[in-house]
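So the structure is just underneath, and the comments pick up after that.
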Amino acid sequence: MIIANDLHKSFKVKKELVNAVNGVSLEAPDGQITGLLGPNGAGKTTTMRMLYTLMRPTSGTVTIDGIDAIANPIEARERLGVLPDARGIYKRLTARENIEYYGRLNGMNDATIRARIETLADSLEMRDILDRRTEGFSQGQRTKTAIARALVHDPRNVILDEPTNGLDVMTTRAMREFLMQMRREGRCVIFSSHIMQEVAALCDRIIIIAKGRVMAAGTPDELRALAGNDNLEDAFVKLIGTEEGLHA
Ligand SMILES: Nc1ncnc2c1ncn2[C@@H]1O[C@H](COP(=O)(O)OP(=O)(O)OP(=O)(O)O)[C@@H](O)[C@H]1O
């Protein structure tokens with residue numbers, strides 16, 4: 001379970017202060033998919049970077065399964081699988097080697113890593129690319145490799161930054177099925193998107209972020225009711241206050 005309380009993050013750009021995240025609180029329970037939805041520049045990536053301990057908040061707290069992620073980042077990371085916005089896979093290694101490397105960094109033995117790769121290769125439908133060098137991989141193939149790598153140590157909590165970004169229809173469908181599988185396995189899944197239909201179709205709870213703040217949070221039905229609108233798309237536009245950047 002991931003809990004964030006009153007997260008703030010500002011960046012100094014020349015003499016100006018950019019307030020990227022302005023008091024975001026959220027709770028993502030186990031066995032549920034929680035979606036962060038918001039237009040470009042809303043603060044989704046910055047929020048996630050703080051959740052997965054890459055970035056220290058200016059203020060606020062994050063706990064991962066009850067562990068204070070700011071005070072104990074290494075312990076928190078052991079419980080986290082992360083697909084960062086920059087996928088960052090090693091191009092001189094094969095997909096399998098990329099995944100194995102992370103398994104070793106996580107202190108796993110070779111037999112456990114091998115078995116885990118078998119499971120992930122099936123779930124992610126990536127058996128055909130496992131032993132190819134990742135140089136030249138398509139965007140979808142890179143994303144699959146990065147997700148398998150993120151999950152090699154079987155983390156209970158999974159944070160994915162725009163996992164379907166740039167994927168074709170079939171690969172997007174496979175990715176959605178994979179997210180639902182993680183939910184069935186009881187994991188806590190958080191993913192970000194600016195595609196309203198995707199978030200509505202997959203998420204148990206949606207957190208709408210704009211201008212670094214949580215504008216609304218709830219189930220798709222609750223958000224419809226909150227906006228007083230049966231059409232989810234219109235509800236989102238109303239809650240965010242602009243249509244800009246919402247669509248793919
Ligand atoms: N390292 C940084 N230095 C300066 N400004 C930053 C930095 N990181 C993010 N920002 C700013 O913070 C704001 C939020 O950015 P963020 O990447 O979190 O948004 P996002 O919701 O993920 O957007 P997108 O959907 O476009 O990826 C933006 O105005 C961005 O320019």
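Identifiers in the structure tokens: chain A, B, ... in order shown; residue index from 1 per chain; ligand index from 1 in order shown.
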Within-7 Å residues of ligand 1, basis only C-alpha atoms and all ligand atoms, as a PyMOL selection string: chain A and resi 11-13+18-21+38-47+194+212
Residues as selected, C-alpha atoms, written as a CSV table (one decimal), in the first residue's frame, can you do that?
chain,number,residue,atom,x,y,z
A,11,PHE,CA,12.2,23.6,-8.7
A,12,LYS,CA,14.3,26.6,-9.0
A,13,VAL,CA,14.7,27.5,-12.7
A,18,VAL,CA,8.3,26.3,-10.4
A,19,ASN,CA,5.8,24.6,-8.1
A,20,ALA,CA,5.4,21.3,-9.8
A,21,VAL,CA,3.5,19.6,-7.0
A,38,GLY,CA,-4.0,14.8,-15.7
A,39,PRO,CA,-3.0,17.0,-18.6
A,40,ASN,CA,0.6,17.6,-19.7
A,41,GLY,CA,2.7,19.3,-17.0
A,42,ALA,CA,0.1,18.5,-14.3
A,43,GLY,CA,2.7,17.1,-11.9
A,44,LYS,CA,2.1,13.3,-12.4
A,45,THR,CA,5.7,12.3,-13.1
A,46,THR,CA,7.0,14.5,-10.3
A,47,THR,CA,4.5,13.0,-7.9
A,194,HIS,CA,-3.4,11.4,-19.8
A,212,GLY,CA,0.2,20.2,-9.1
Pick out the residues sitting within 6 Å of Ser192 of chain A, and hand them over as a VMD selection string; count only C-alpha atoms, and ignore anything fewer than 5 positions along from it in its own chain. chain A and resid 35 to 37 161 to 162
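Residues lying within 8 Å of Asn98 of chain A, counting only C-alpha atoms and ignoring same-chain neighbours fewer than 5 positions away, are Ile89, Tyr90, Leu93, Thr145 and Arg149 of chain A.
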With N, CA and C atoms retained, write the just-selected residues as a short mmCIF file (atom, residue, chain, number, x, y, z; two decimals), in the first residue's frame.
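As a result, selection_14.cif now contains:
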data_model
loop_
_atom_site.label_atom_id
_atom_site.label_comp_id
_atom_site.auth_asym_id
_atom_site.auth_seq_id
_atom_site.Cartn_x
_atom_site.Cartn_y
_atom_site.Cartn_z
N ILE A 89 16.78 1.29 -20.52
CA ILE A 89 17.34 -0.06 -20.54
C ILE A 89 18.72 -0.03 -21.21
N TYR A 90 19.55 -1.03 -20.88
CA TYR A 90 20.91 -1.06 -21.40
C TYR A 90 20.91 -1.68 -22.80
N LEU A 93 22.92 -4.93 -23.77
CA LEU A 93 22.49 -6.20 -23.18
C LEU A 93 21.23 -6.70 -23.87
N THR A 145 10.41 -4.80 -21.77
CA THR A 145 11.65 -5.16 -21.09
C THR A 145 11.78 -4.40 -19.77
N ARG A 149 11.83 -6.02 -16.01
CA ARG A 149 12.95 -5.69 -15.13
C ARG A 149 12.45 -5.12 -13.80
#
Taking the chain letters and numbering used in this document, name the residues of segment 8-221 of chain A that DSSP puts in strand (DSSP E), as a PyMOL selection string. chain A and resi 8-13+16-28+32-37+59-64+67-68+80-83+157-160+188-193+205-210+213-218
Using only C-alpha atoms, pick whichever of A:Arg183, A:His153, A:Arg224, A:Lys144 has the shortest atom-to-atom distance to Ile113 of chain A. A:His153
Write out as a list of chain:residue names the residues lying within 12 Å of Glu222 of chain A, counting only C-alpha atoms and excluding same-chain residues fewer than 5 positions away. A:Ala200, A:Asp204, A:Arg205, A:Ile206, A:Ile207, A:Ala216, A:Ala217, A:Ala227, A:Gly228, A:Asn229, A:Asp230, A:Leu232, A:Ala235, A:Phe236
Would you put the residues from that selection into a file with C-alpha atoms, as a PDB file, in the first residue's frame?
ATOM      1  CA  ALA A 200     -11.726   4.866 -16.752  1.00  0.00           C
ATOM      2  CA  ASP A 204     -10.629   1.186  -9.293  1.00  0.00           C
ATOM      3  CA  ARG A 205      -9.834   4.700  -8.192  1.00  0.00           C
ATOM      4  CA  ILE A 206      -8.825   7.728 -10.169  1.00  0.00           C
ATOM      5  CA  ILE A 207      -6.902  10.698  -8.868  1.00  0.00           C
ATOM      6  CA  ALA A 216     -10.807  15.154  -7.416  1.00  0.00           C
ATOM      7  CA  ALA A 217     -10.440  11.504  -6.437  1.00  0.00           C
ATOM      8  CA  ALA A 227     -19.154  16.443 -11.620  1.00  0.00           C
ATOM      9  CA  GLY A 228     -22.906  15.931 -12.015  1.00  0.00           C
ATOM     10  CA  ASN A 229     -22.304  14.400 -15.389  1.00  0.00           C
ATOM     11  CA  ASP A 230     -23.099  10.961 -16.819  1.00  0.00           C
ATOM     12  CA  LEU A 232     -17.060  10.562 -17.922  1.00  0.00           C
ATOM     13  CA  ALA A 235     -16.943  15.014 -16.051  1.00  0.00           C
ATOM     14  CA  PHE A 236     -13.153  15.009 -16.384  1.00  0.00           C
TER      15      PHE A 236
END
Tell me, which residues of segment 6-219 of chain A carry DSSP alpha helix (DSSP H), written as an MDAnalysis selection string? chainID A and resid 44:51 73:78 95:105 110:123 139:151 169:184 196:202
Please produce a file of the residues just selected, as a PDB file, in the first residue's frame, where the atoms kept are C-alpha atoms.
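The result, stored in selection.pdb:
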ATOM      1  CA  LYS A  44       2.099  13.311 -12.401  1.00  0.00           C
ATOM      2  CA  THR A  45       5.706  12.342 -13.113  1.00  0.00           C
ATOM      3  CA  THR A  46       7.034  14.521 -10.306  1.00  0.00           C
ATOM      4  CA  THR A  47       4.528  12.986  -7.876  1.00  0.00           C
ATOM      5  CA  MET A  48       5.523   9.478  -8.939  1.00  0.00           C
ATOM      6  CA  ARG A  49       9.228  10.250  -8.674  1.00  0.00           C
ATOM      7  CA  MET A  50       8.644  11.219  -5.058  1.00  0.00           C
ATOM      8  CA  LEU A  51       6.605   8.057  -4.452  1.00  0.00           C
ATOM      9  CA  PRO A  73      14.517   4.659   0.839  1.00  0.00           C
ATOM     10  CA  ILE A  74      16.411   1.385   0.374  1.00  0.00           C
ATOM     11  CA  GLU A  75      13.892  -0.609   2.396  1.00  0.00           C
ATOM     12  CA  ALA A  76      11.057   1.106   0.521  1.00  0.00           C
ATOM     13  CA  ARG A  77      12.633   0.342  -2.876  1.00  0.00           C
ATOM     14  CA  GLU A  78      12.757  -3.384  -2.103  1.00  0.00           C
ATOM     15  CA  ALA A  95      16.300  -8.208 -22.752  1.00  0.00           C
ATOM     16  CA  ARG A  96      17.030 -11.243 -20.586  1.00  0.00           C
ATOM     17  CA  GLU A  97      20.365  -9.784 -19.410  1.00  0.00           C
ATOM     18  CA  ASN A  98      18.693  -6.487 -18.541  1.00  0.00           C
ATOM     19  CA  ILE A  99      16.182  -8.342 -16.366  1.00  0.00           C
ATOM     20  CA  GLU A 100      18.817 -10.639 -14.818  1.00  0.00           C
ATOM     21  CA  TYR A 101      20.982  -7.679 -13.899  1.00  0.00           C
ATOM     22  CA  TYR A 102      18.182  -6.137 -11.859  1.00  0.00           C
ATOM     23  CA  GLY A 103      17.470  -9.485 -10.245  1.00  0.00           C
ATOM     24  CA  ARG A 104      21.077  -9.680  -9.074  1.00  0.00           C
ATOM     25  CA  LEU A 105      20.993  -6.081  -7.851  1.00  0.00           C
ATOM     26  CA  ASP A 110      20.158 -17.338 -10.476  1.00  0.00           C
ATOM     27  CA  ALA A 111      17.532 -20.084 -10.271  1.00  0.00           C
ATOM     28  CA  THR A 112      14.895 -17.715  -8.869  1.00  0.00           C
ATOM     29  CA  ILE A 113      15.733 -15.107 -11.510  1.00  0.00           C
ATOM     30  CA  ARG A 114      15.412 -17.719 -14.286  1.00  0.00           C
ATOM     31  CA  ALA A 115      12.037 -18.889 -13.022  1.00  0.00           C
ATOM     32  CA  ARG A 116      10.762 -15.370 -12.638  1.00  0.00           C
ATOM     33  CA  ILE A 117      11.844 -14.439 -16.178  1.00  0.00           C
ATOM     34  CA  GLU A 118       9.879 -17.445 -17.471  1.00  0.00           C
ATOM     35  CA  THR A 119       6.708 -16.202 -15.773  1.00  0.00           C
ATOM     36  CA  LEU A 120       7.166 -12.593 -16.859  1.00  0.00           C
ATOM     37  CA  ALA A 121       8.024 -13.505 -20.452  1.00  0.00           C
ATOM     38  CA  ASP A 122       4.694 -15.312 -20.739  1.00  0.00           C
ATOM     39  CA  SER A 123       2.636 -12.619 -19.027  1.00  0.00           C
ATOM     40  CA  GLN A 139       9.057   1.388 -28.107  1.00  0.00           C
ATOM     41  CA  GLY A 140       6.705  -1.434 -27.077  1.00  0.00           C
ATOM     42  CA  GLN A 141       9.554  -3.932 -26.822  1.00  0.00           C
ATOM     43  CA  ARG A 142      11.555  -1.501 -24.679  1.00  0.00           C
ATOM     44  CA  THR A 143       8.567  -0.902 -22.416  1.00  0.00           C
ATOM     45  CA  LYS A 144       7.995  -4.623 -21.954  1.00  0.00           C
ATOM     46  CA  THR A 145      11.654  -5.162 -21.095  1.00  0.00           C
ATOM     47  CA  ALA A 146      11.593  -2.286 -18.613  1.00  0.00           C
ATOM     48  CA  ILE A 147       8.416  -3.619 -16.969  1.00  0.00           C
ATOM     49  CA  ALA A 148       9.811  -7.151 -16.682  1.00  0.00           C
ATOM     50  CA  ARG A 149      12.953  -5.689 -15.133  1.00  0.00           C
ATOM     51  CA  ALA A 150      10.883  -3.636 -12.694  1.00  0.00           C
ATOM     52  CA  LEU A 151       8.971  -6.722 -11.565  1.00  0.00           C
ATOM     53  CA  VAL A 169      -3.558  -1.140 -30.086  1.00  0.00           C
ATOM     54  CA  MET A 170      -2.638  -4.805 -29.606  1.00  0.00           C
ATOM     55  CA  THR A 171       0.263  -4.094 -27.285  1.00  0.00           C
ATOM     56  CA  THR A 172      -1.900  -1.648 -25.320  1.00  0.00           C
ATOM     57  CA  ARG A 173      -4.514  -4.388 -24.870  1.00  0.00           C
ATOM     58  CA  ALA A 174      -1.858  -6.809 -23.658  1.00  0.00           C
ATOM     59  CA  MET A 175      -0.530  -4.173 -21.264  1.00  0.00           C
ATOM     60  CA  ARG A 176      -4.006  -3.532 -19.847  1.00  0.00           C
ATOM     61  CA  GLU A 177      -4.519  -7.261 -19.331  1.00  0.00           C
ATOM     62  CA  PHE A 178      -1.160  -7.357 -17.561  1.00  0.00           C
ATOM     63  CA  LEU A 179      -2.194  -4.525 -15.234  1.00  0.00           C
ATOM     64  CA  MET A 180      -5.387  -6.421 -14.377  1.00  0.00           C
ATOM     65  CA  GLN A 181      -3.355  -9.537 -13.689  1.00  0.00           C
ATOM     66  CA  MET A 182      -1.253  -7.584 -11.189  1.00  0.00           C
ATOM     67  CA  ARG A 183      -4.453  -6.419  -9.519  1.00  0.00           C
ATOM     68  CA  ARG A 184      -5.685 -10.046  -9.285  1.00  0.00           C
ATOM     69  CA  MET A 196      -9.192   9.362 -19.990  1.00  0.00           C
ATOM     70  CA  GLN A 197     -10.720   6.210 -21.545  1.00  0.00           C
ATOM     71  CA  GLU A 198      -7.806   4.098 -20.429  1.00  0.00           C
ATOM     72  CA  VAL A 199      -7.947   5.260 -16.836  1.00  0.00           C
ATOM     73  CA  ALA A 200     -11.726   4.866 -16.752  1.00  0.00           C
ATOM     74  CA  ALA A 201     -11.548   1.320 -18.122  1.00  0.00           C
ATOM     75  CA  LEU A 202      -8.842   0.064 -15.788  1.00  0.00           C
TER      76      LEU A 202
END
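Closest approach to Ala69 of chain A among A:Ile209, A:Ile3, A:Ala28, A:Leu83: A:Ile3, based on only C-alpha atoms.
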Would you list the contacts of Ser25 of chain A as an mmCIF file with N, CA and C atoms, in the first residue's frame, taking every protein, DNA or RNA residue within 6 Å and counting only C-alpha atoms, but skipping same-chain residues closer than 4 positions in sequence?
data_model
loop_
_atom_site.group_PDB
_atom_site.id
_atom_site.type_symbol
_atom_site.label_atom_id
_atom_site.label_comp_id
_atom_site.auth_asym_id
_atom_site.auth_seq_id
_atom_site.Cartn_x
_atom_site.Cartn_y
_atom_site.Cartn_z
ATOM 1 N N ALA A 4 0.631 8.833 0.357
ATOM 2 C CA ALA A 4 1.374 10.094 0.296
ATOM 3 C C ALA A 4 0.558 11.156 1.010
ATOM 4 N N ASN A 5 1.255 11.978 1.743
ATOM 5 C CA ASN A 5 0.551 13.001 2.501
ATOM 6 C C ASN A 5 1.148 14.380 2.241
ATOM 7 N N ASP A 6 0.348 15.220 1.643
ATOM 8 C CA ASP A 6 0.681 16.633 1.453
ATOM 9 C C ASP A 6 2.052 16.847 0.799
#
Measure the distance from atom CA of Leu80 of chain A to atom CA of Pro29 of chain A in Å and round it to one decimal. 13.7 Å
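Residue nearest Leu167 of chain A within the list A:Ser138, A:Glu233, A:Ser10, A:Asp154: A:Ser138 [criterion: smallest interatomic distance, only C-alpha atoms].
Across the model, the gap from atom CA of Gly107 of chain A to atom CA of Ile33 of chain A is 27.8 Å.
Distances here use only C-alpha atoms; by that measure, the residue among A:Leu226, A:Ile2, A:Leu124, A:Ile195 closest to Gln32 of chain A is A:Ile2.
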Which residues come within 6 Å of Ile159 of chain A, counting only C-alpha atoms, excluding same-chain residues fewer than 6 positions away, as a PyMOL selection string? chain A and resi 82+190-191
What does the file look like for those residues with N, CA and C atoms, as a PDB file, in the first residue's frame?
ATOM      1  N   VAL A  82       9.256  -0.298 -10.448  1.00  0.00           N
ATOM      2  CA  VAL A  82       9.044   1.024 -11.043  1.00  0.00           C
ATOM      3  C   VAL A  82       9.313   1.017 -12.543  1.00  0.00           C
ATOM      4  N   ILE A 190      -0.082   1.619  -9.225  1.00  0.00           N
ATOM      5  CA  ILE A 190      -0.361   3.024  -9.548  1.00  0.00           C
ATOM      6  C   ILE A 190       0.167   3.276 -10.950  1.00  0.00           C
ATOM      7  N   PHE A 191      -0.664   3.837 -11.808  1.00  0.00           N
ATOM      8  CA  PHE A 191      -0.105   4.232 -13.102  1.00  0.00           C
ATOM      9  C   PHE A 191      -0.636   5.591 -13.516  1.00  0.00           C
TER      10      PHE A 191
END
